[in-house]
Each structure stands twice: as C-alpha cells, then as structure tokens.
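protein22.cif follows; it contains mmCIF, C-alpha atoms and all ligand atoms.
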data_coords
loop_
_atom_site.label_atom_id
_atom_site.label_comp_id
_atom_site.auth_asym_id
_atom_site.auth_seq_id
_atom_site.Cartn_x
_atom_site.Cartn_y
_atom_site.Cartn_z
CA MET A 26 -7.29 -8.53 -29.29
CA GLY A 27 -6.05 -6.05 -31.86
CA LYS A 28 -6.93 -2.89 -30.01
CA TRP A 29 -5.41 -3.79 -26.74
CA ILE A 30 -2.39 -2.30 -25.24
CA PHE A 31 -0.55 -1.97 -22.09
CA GLY A 32 -1.02 -4.81 -19.73
CA LEU A 33 -0.56 -4.43 -16.05
CA GLY A 34 -0.26 -6.52 -13.05
CA LEU A 35 2.17 -8.78 -11.58
CA ILE A 36 1.82 -11.55 -13.88
CA PHE A 37 2.03 -9.72 -17.11
CA THR A 38 0.26 -11.74 -19.67
CA LEU A 39 -1.11 -9.66 -22.48
CA SER A 40 0.61 -6.59 -23.68
CA VAL A 41 0.15 -5.73 -27.23
CA SER A 42 -1.03 -2.48 -28.35
CA TYR A 43 -2.10 0.36 -30.28
CA GLU A 44 -3.22 3.61 -28.92
CA THR A 45 -5.99 4.22 -26.66
CA GLN A 46 -6.80 1.20 -24.69
CA PHE A 47 -5.07 0.08 -21.55
CA GLU A 48 -5.55 -3.42 -20.53
CA GLU A 49 -4.40 -4.62 -17.20
CA SER A 50 -3.65 -8.27 -16.78
CA GLY A 51 -2.46 -10.37 -13.93
CA SER A 52 -3.50 -10.88 -10.40
CA GLU A 53 -1.87 -9.16 -7.51
CA PHE A 54 0.54 -6.33 -6.95
CA THR A 55 3.78 -7.78 -5.64
CA THR A 56 6.60 -5.73 -7.15
CA PRO A 57 8.39 -3.97 -4.30
CA VAL A 58 8.54 -0.20 -4.64
CA LYS A 59 11.99 1.36 -4.72
CA SER A 60 12.43 4.80 -3.25
CA PHE A 61 15.12 7.00 -1.83
CA SER A 62 15.26 6.70 1.92
CA LEU A 63 15.99 9.31 4.52
CA HIS A 64 19.76 9.91 4.76
CA GLU A 65 20.26 8.60 1.24
CA LYS A 66 21.78 11.08 -1.18
CA GLY A 67 19.00 12.34 -3.41
CA TYR A 68 16.25 12.01 -0.78
CA LEU A 69 13.69 14.78 -1.01
CA THR A 70 12.05 15.90 2.19
CA PRO A 71 8.26 15.85 1.87
CA ASP A 72 8.00 19.33 3.43
CA SER A 73 9.49 20.83 0.28
CA VAL A 74 6.27 20.22 -1.65
CA PRO A 75 2.76 21.33 -0.58
CA THR A 76 0.58 18.49 0.65
CA GLY A 77 -2.55 17.90 -1.41
CA ARG A 78 -5.94 16.60 -0.43
CA LEU A 79 -7.97 14.23 -2.59
CA LEU A 80 -11.48 12.87 -2.22
CA VAL A 81 -12.53 9.62 -3.80
CA VAL A 82 -15.83 10.30 -5.54
CA PRO A 83 -17.75 7.46 -7.16
CA MET A 84 -19.57 8.99 -10.14
CA GLN A 85 -21.16 6.08 -11.89
CA VAL A 86 -20.70 2.57 -10.61
CA THR A 87 -22.46 -0.32 -12.29
CA GLY A 88 -22.51 -4.04 -11.66
CA PHE A 89 -21.48 -3.89 -8.01
CA ASP A 90 -24.22 -5.11 -5.74
CA GLY A 91 -24.32 -6.62 -2.25
CA GLU A 92 -20.92 -7.88 -1.17
CA LYS A 93 -19.27 -6.43 -4.23
CA SER A 94 -20.40 -2.99 -3.33
CA VAL A 95 -19.19 -3.42 0.25
CA LYS A 96 -15.78 -4.52 -1.04
CA LEU A 97 -15.61 -1.62 -3.47
CA GLU A 98 -16.51 0.84 -0.73
CA SER A 99 -13.73 -0.58 1.45
CA ALA A 100 -11.28 -0.21 -1.42
CA PHE A 101 -12.37 3.39 -1.98
CA ARG A 102 -11.98 4.14 1.71
CA VAL A 103 -8.46 2.74 2.03
CA LEU A 104 -7.44 4.33 -1.27
CA GLU A 105 -8.58 7.76 -0.10
CA ASP A 106 -6.88 7.30 3.23
CA VAL A 107 -3.59 6.23 1.71
CA VAL A 108 -3.28 8.88 -1.01
CA ASN A 109 -3.74 11.56 1.63
CA SER A 110 -1.04 10.15 3.86
CA GLU A 111 2.45 11.56 4.38
CA GLU A 112 3.86 8.13 3.55
CA PHE A 113 2.26 8.23 0.12
CA LYS A 114 3.64 11.69 -0.53
CA GLU A 115 7.11 10.66 0.60
CA LYS A 116 7.05 7.51 -1.56
CA VAL A 117 5.93 9.38 -4.68
CA LEU A 118 8.45 12.18 -4.22
CA ASN A 119 11.24 9.71 -3.64
CA PHE A 120 10.24 7.08 -6.18
CA LYS A 121 13.27 5.51 -7.79
CA ASN A 122 13.14 4.19 -11.34
CA ARG A 123 14.92 1.11 -12.59
CA LYS A 124 17.97 3.19 -13.45
CA GLY A 125 18.22 4.31 -9.84
CA GLU A 126 17.12 7.87 -10.59
CA ARG A 127 14.54 9.80 -8.61
CA ALA A 128 12.04 9.72 -11.46
CA PHE A 129 9.25 7.66 -12.95
CA ALA A 130 9.55 6.10 -16.39
CA SER A 131 7.25 7.54 -19.08
CA ASN A 132 6.89 10.65 -16.94
CA LYS A 133 6.06 13.07 -19.78
CA GLY A 134 8.93 15.28 -18.68
CA LEU A 135 7.55 15.69 -15.18
CA THR A 136 9.52 15.35 -11.97
CA ASN A 137 8.27 13.28 -9.05
CA GLU A 138 7.20 16.53 -7.38
CA ASP A 139 5.19 17.53 -10.48
CA ILE A 140 3.61 14.11 -10.60
CA TYR A 141 2.59 14.21 -6.95
CA SER A 142 1.05 17.67 -7.46
CA LYS A 143 -0.72 16.61 -10.65
CA PHE A 144 -2.06 13.49 -8.96
CA MET A 145 -3.36 15.41 -5.95
CA ASP A 146 -4.83 18.08 -8.22
CA GLY A 147 -7.32 15.43 -9.27
CA ARG A 148 -8.19 16.72 -12.72
CA GLU A 149 -8.83 13.89 -15.12
CA ASN A 150 -8.05 14.66 -18.76
CA LEU A 151 -11.71 14.27 -19.61
CA GLN A 152 -13.04 15.93 -16.47
CA GLN A 153 -11.15 19.07 -15.65
CA ASP A 154 -13.81 20.79 -13.58
CA THR A 155 -13.65 18.64 -10.46
CA PRO A 156 -10.30 19.39 -8.85
CA ASN A 157 -9.15 17.44 -5.82
CA GLU A 158 -11.40 14.52 -6.64
CA MET A 159 -10.60 11.06 -7.90
CA ASN A 160 -13.75 10.56 -9.93
CA PHE A 161 -14.55 6.94 -10.64
CA PHE A 162 -16.72 5.59 -13.42
CA LEU A 163 -16.63 1.84 -12.98
CA LYS A 164 -18.28 -1.10 -14.58
CA LEU A 165 -17.94 -4.67 -13.41
CA TYR A 166 -18.03 -7.26 -16.17
CA ASN A 167 -17.95 -11.02 -16.06
CA ARG A 168 -15.64 -12.82 -18.42
CA PRO A 169 -14.39 -15.86 -16.50
CA TRP A 170 -12.06 -17.10 -19.22
CA SER A 171 -10.26 -13.79 -19.53
CA ARG A 172 -6.94 -13.07 -17.84
CA VAL A 173 -7.50 -9.33 -17.97
CA ILE A 174 -7.98 -7.55 -14.63
CA GLY A 175 -9.59 -4.56 -16.23
CA TYR A 176 -9.32 -2.13 -19.06
CA THR A 177 -9.95 1.44 -20.01
CA SER A 178 -9.15 3.78 -22.87
CA GLY A 179 -8.08 7.34 -23.37
CA SER A 180 -11.41 8.39 -24.81
CA THR A 181 -13.57 7.61 -21.80
CA ASN A 182 -13.55 7.94 -18.04
CA LEU A 183 -15.04 4.48 -17.75
CA ILE A 184 -12.89 1.79 -16.17
CA ASN A 185 -14.01 -1.79 -16.75
CA ILE A 186 -13.14 -4.32 -14.07
CA ASN A 187 -13.19 -8.09 -14.42
CA TRP A 188 -15.37 -9.61 -11.70
CA LYS A 189 -13.14 -12.68 -11.46
CA TYR A 190 -10.16 -10.64 -10.27
CA PHE A 191 -12.20 -8.18 -8.28
CA LYS A 192 -13.69 -11.09 -6.39
CA GLY A 193 -10.43 -12.94 -5.85
CA ASN A 194 -8.08 -10.08 -5.09
CA PRO A 195 -7.45 -8.73 -1.60
CA ILE A 196 -8.44 -5.15 -0.81
CA HIS A 197 -4.92 -3.80 -1.23
CA SER A 198 -4.78 -5.15 -4.78
CA VAL A 199 -8.18 -3.75 -5.63
CA ALA A 200 -7.11 -0.34 -4.30
CA ALA A 201 -3.81 -0.57 -6.19
CA ASN A 202 -5.59 -1.43 -9.40
CA LEU A 203 -8.05 1.45 -8.98
CA ALA A 204 -5.10 3.81 -8.45
CA HIS A 205 -3.31 2.40 -11.51
CA GLU A 206 -6.35 2.84 -13.73
CA TRP A 207 -7.07 6.31 -12.42
CA VAL A 208 -3.51 7.41 -13.18
CA HIS A 209 -4.31 6.64 -16.82
CA LYS A 210 -7.24 9.07 -16.48
CA ILE A 211 -4.86 11.90 -15.59
CA GLY A 212 -2.80 11.19 -18.67
CA PHE A 213 0.01 8.81 -17.78
CA ASP A 214 0.67 5.62 -19.68
CA HIS A 215 3.16 2.79 -19.78
CA THR A 216 5.00 1.59 -22.83
CA SER A 217 4.37 -2.04 -21.98
CA ALA A 218 3.10 -4.26 -19.24
CA SER A 219 6.60 -4.66 -17.93
CA GLU A 220 7.23 -0.96 -17.41
CA SER A 221 6.91 -1.35 -13.67
CA ASP A 222 8.46 2.05 -12.95
CA SER A 223 5.93 3.96 -15.07
CA VAL A 224 3.57 6.31 -13.27
CA PRO A 225 0.50 4.01 -13.35
CA TYR A 226 2.45 1.01 -12.09
CA GLY A 227 4.63 2.94 -9.67
CA ILE A 228 1.74 4.70 -8.00
CA GLY A 229 -0.37 1.53 -8.08
CA TYR A 230 2.40 -0.36 -6.30
CA ILE A 231 2.85 2.40 -3.73
CA VAL A 232 -0.88 2.35 -2.94
CA GLY A 233 -0.90 -1.45 -2.73
CA GLU A 234 2.10 -1.54 -0.43
CA LEU A 235 0.80 1.14 1.91
CA VAL A 236 -2.68 -0.37 2.16
CA LYS A 237 -1.18 -3.78 2.84
CA ALA A 238 1.07 -2.39 5.57
CA ARG A 239 -1.84 -0.61 7.20
CA LEU A 240 -4.00 -3.68 7.06
CA SER A 241 -1.36 -5.85 8.62
CA SER A 242 -0.71 -3.35 11.38
CA GLY A 243 -4.42 -3.41 12.18
CA LEU A 244 -5.02 0.17 11.13
CA TYR A 245 -8.11 -0.74 9.13
ZN ZN B 301 -2.25 0.40 -17.27
#
Show me the file's structure as structure tokens.
Amino acid sequence: MGKWIFGLGLIFTLSVSYETQFEESGSEFTTPVKSFSLHEKGYLTPDSVPTGRLLVVPMQVTGFDGEKSVKLESAFRVLEDVVNSEEFKEKVLNFKNRKGERAFASNKGLTNEDIYSKFMDGRENLQQDTPNEMNFFLKLYNRPWSRVIGYTSGSTNLININWKYFKGNPIHSVAANLAHEWVHKIGFDHTSASESDSVPYGIGYIVGELVKARLSSGLY
C-alpha cells in the first residue's frame, strides 16, 4: 500500500502516495466535463489550433483472450475514433477547471492548446520515437478483492488493468480509463484522486463522455 499514489475513478477510494505509481480506483466515469461553450466569453475556436491525428497502437498486450480481447479491441477502436474527432479537440481546448478558468489543473504550465498538441503528438515520456501513436503496453491481472481499476508508474510504459473492472465496466469507461492511464505516459499527473480537473482525469472524462454519446446515438 505504501507505494501507491493517485487514485482515479468516480468512486475515489484509495489515494495515498509517493512518487511514481498511479493507482486508479473506482468504477465508472460519471463526472460531467465542464467546458466553455460557443458564444461564451473565453471560448476558443478549434480552427485556431492545428488538428492532430493519432493512431492507437497496441504494443504488448497480455492476459486478454477471447471475449476480453474483443472488448479491448472495441475500446481501442472507439478511443481512436474519439480522440481524432473535432468534438474532442473542442472539449480539450475549452476545458474549464474547477475555478472556471480555461485550463487544466496540474497542467505543468501548459495551456489547453499546448496540452491538445502534446496529446496528439503521441510521444510517451519513455517512447519518444513513435510520434502520433498512442502506444499501449497492457497487462490484465486478477485481484478480485481489490478496488483498484488499474495502476501504472512513471518508470514503465506498462499499464496494469484489474480484470474485475475491465469485465464489469462499459466500453466508454474502459476507453476513458485507457485515455487516463495513457495521459500519465505523456507526463501528466494528478495531485490526488479527487483532482478531477487534472489532465488525466479531464481527458479521461472527455473521452468517456464522447464515447457514451456516440454509443447512445447509434454511431458505433
Ligand atoms: Zn491517474
């Protein structure tokens, strides 16, 4: 328990921490995303920033067989679709933090525009040579008594995912969680599990919301 940090999720359960490990607890993404809307003062038009293009590239995926692998592939597909959408770009550029500013919390001095560009650039801290790719190293583990959705650390690209939550969560939550974890890989953290306007949470919520909307409108 000692090494764990940053919890994530909707039901934030565990959140203690030291440095390098991010632990994501909870079940589903339900926090509504706040963003500046068109006609609202402070709204940034998406055309003012170049649109990026990202590919989801599974690098090393272990523990997902049969149905699990089908579910993971669906999550990858909707994730890739959503991050390349204009809606995603608009939501990231216009993300509103809890103070009502057009900024993420724990943004490392970067504006929303910088964060969108860095995200779409696709260079993980530990894998700089594959631009424009979200490279995923995933391992499914089974710990039924644990309330942790998944965890990772700053010293590895590997993201560990708890089978219990992977199995029980809808596709939009799986995609949101993958996005959240991957944002850690490009160097953004959260100070605690309740920092819902941090970059990992904010972008995770945006992905979850957009996938959910597309699913309910029959787009997938
Ligand atoms: Zn996290």
Could you check which of A:Ile196, A:Ala218, A:Leu235, A:Leu151 is closest to ligand ZN 301 (chain B), using only C-alpha atoms and all ligand atoms? A:Ala218
Using all atoms listed in the file, which residues sit within 8 Å of segment 137-149 of chain A once same-chain residues fewer than 3 positions away are excluded, as a PyMOL selection string? chain A and resi 74-75+77-79+114+117-120+127-129+132+152-160+208+210-212
Take every atom of segment 136-152 of chain A listed in the file, fit an axis-aligned box around them, add 8 Å per side, and give the centre and edge lengths in Å to one decimal as lines of an AutoDock Vina configuration file.
center_x = -1.8
center_y = 15.7
center_z = -12.8
size_x = 38.6
size_y = 20.8
size_z = 29.7
Give me the residues within 12 Å of Val103 of chain A as number ranges by chain, counting only C-alpha atoms and dropping any in the same chain fewer than 3 places off. A: 80-81, 96-100, 106-110, 196-201, 203-204, 232-240, 244-245
Take atom CA of Phe61 of chain A and atom CA of Ser223 of chain A and report the distance between them in Å, one decimal. 16.4 Å
Just the residues within 7 Å of Phe89 of chain A, please, counting all atoms listed in the file, with nothing from its chain fewer than 4 positions along; format it as an mmCIF file with C-alpha atoms, in the frame of the given file.
data_model
loop_
_atom_site.group_PDB
_atom_site.id
_atom_site.type_symbol
_atom_site.label_atom_id
_atom_site.label_comp_id
_atom_site.auth_asym_id
_atom_site.auth_seq_id
_atom_site.Cartn_x
_atom_site.Cartn_y
_atom_site.Cartn_z
ATOM 1 C CA LYS A 93 -19.270 -6.430 -4.230
ATOM 2 C CA SER A 94 -20.400 -2.990 -3.330
ATOM 3 C CA LEU A 165 -17.940 -4.670 -13.410
#
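Within 10 Å of the file-frame point (-13.9, 4.8, -19.4), and using all atoms listed in the file, the polymer residues found are Gln46, Leu151, Phe161, Phe162, Leu163, Lys164, Tyr176, Thr177, Ser178, Gly179, Ser180, Thr181, Asn182, Leu183, Ile184, Asn185, Glu206, Trp207 and Lys210 of chain A.
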Writing out the chosen residues with C-alpha atoms as a CSV table (one decimal), keeping the file's coordinate frame:
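What landed in out-v9.csv:
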chain,number,residue,atom,x,y,z
A,46,GLN,CA,-6.8,1.2,-24.7
A,151,LEU,CA,-11.7,14.3,-19.6
A,161,PHE,CA,-14.6,6.9,-10.6
A,162,PHE,CA,-16.7,5.6,-13.4
A,163,LEU,CA,-16.6,1.8,-13.0
A,164,LYS,CA,-18.3,-1.1,-14.6
A,176,TYR,CA,-9.3,-2.1,-19.1
A,177,THR,CA,-10.0,1.4,-20.0
A,178,SER,CA,-9.2,3.8,-22.9
A,179,GLY,CA,-8.1,7.3,-23.4
A,180,SER,CA,-11.4,8.4,-24.8
A,181,THR,CA,-13.6,7.6,-21.8
A,182,ASN,CA,-13.6,7.9,-18.0
A,183,LEU,CA,-15.0,4.5,-17.8
A,184,ILE,CA,-12.9,1.8,-16.2
A,185,ASN,CA,-14.0,-1.8,-16.8
A,206,GLU,CA,-6.4,2.8,-13.7
A,207,TRP,CA,-7.1,6.3,-12.4
A,210,LYS,CA,-7.2,9.1,-16.5
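Take atom CA of Lys121 of chain A and atom CA of Leu135 of chain A: the distance between them is 13.8 Å.
Distances here use only C-alpha atoms and all ligand atoms; by that measure, the residue among A:Ser241, A:Ile231, A:His215, A:Ile174 closest to ligand ZN 301 (chain B) is A:His215.
Between atom CA of Arg102 of chain A and atom CA of Thr70 of chain A the interatomic distance comes to 26.8 Å.
In terms of minimum interatomic distance to Leu104 of chain A, A:Asn202 ranks closest within A:Asn202, A:Thr216, A:Asn194, A:Gln85, counting all atoms listed in the file.
Checking A:Asn150, A:Thr87, A:Thr136, A:Ser219 one by one against ligand ZN 301 (chain B), counting only C-alpha atoms and all ligand atoms, you find the shortest gap at A:Ser219.
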For Lys189 of chain A: contacts at 7 Å, all atoms listed in the file, fewer than 4 positions along chain excluded, given as a ChimeraX atom specification: /A:167,169,193
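With distances taken over all atoms listed in the file, A:His209 is the one residue among A:Arg168, A:His209, A:Ser242, A:Ser221 lying closest to ligand ZN 301 (chain B).
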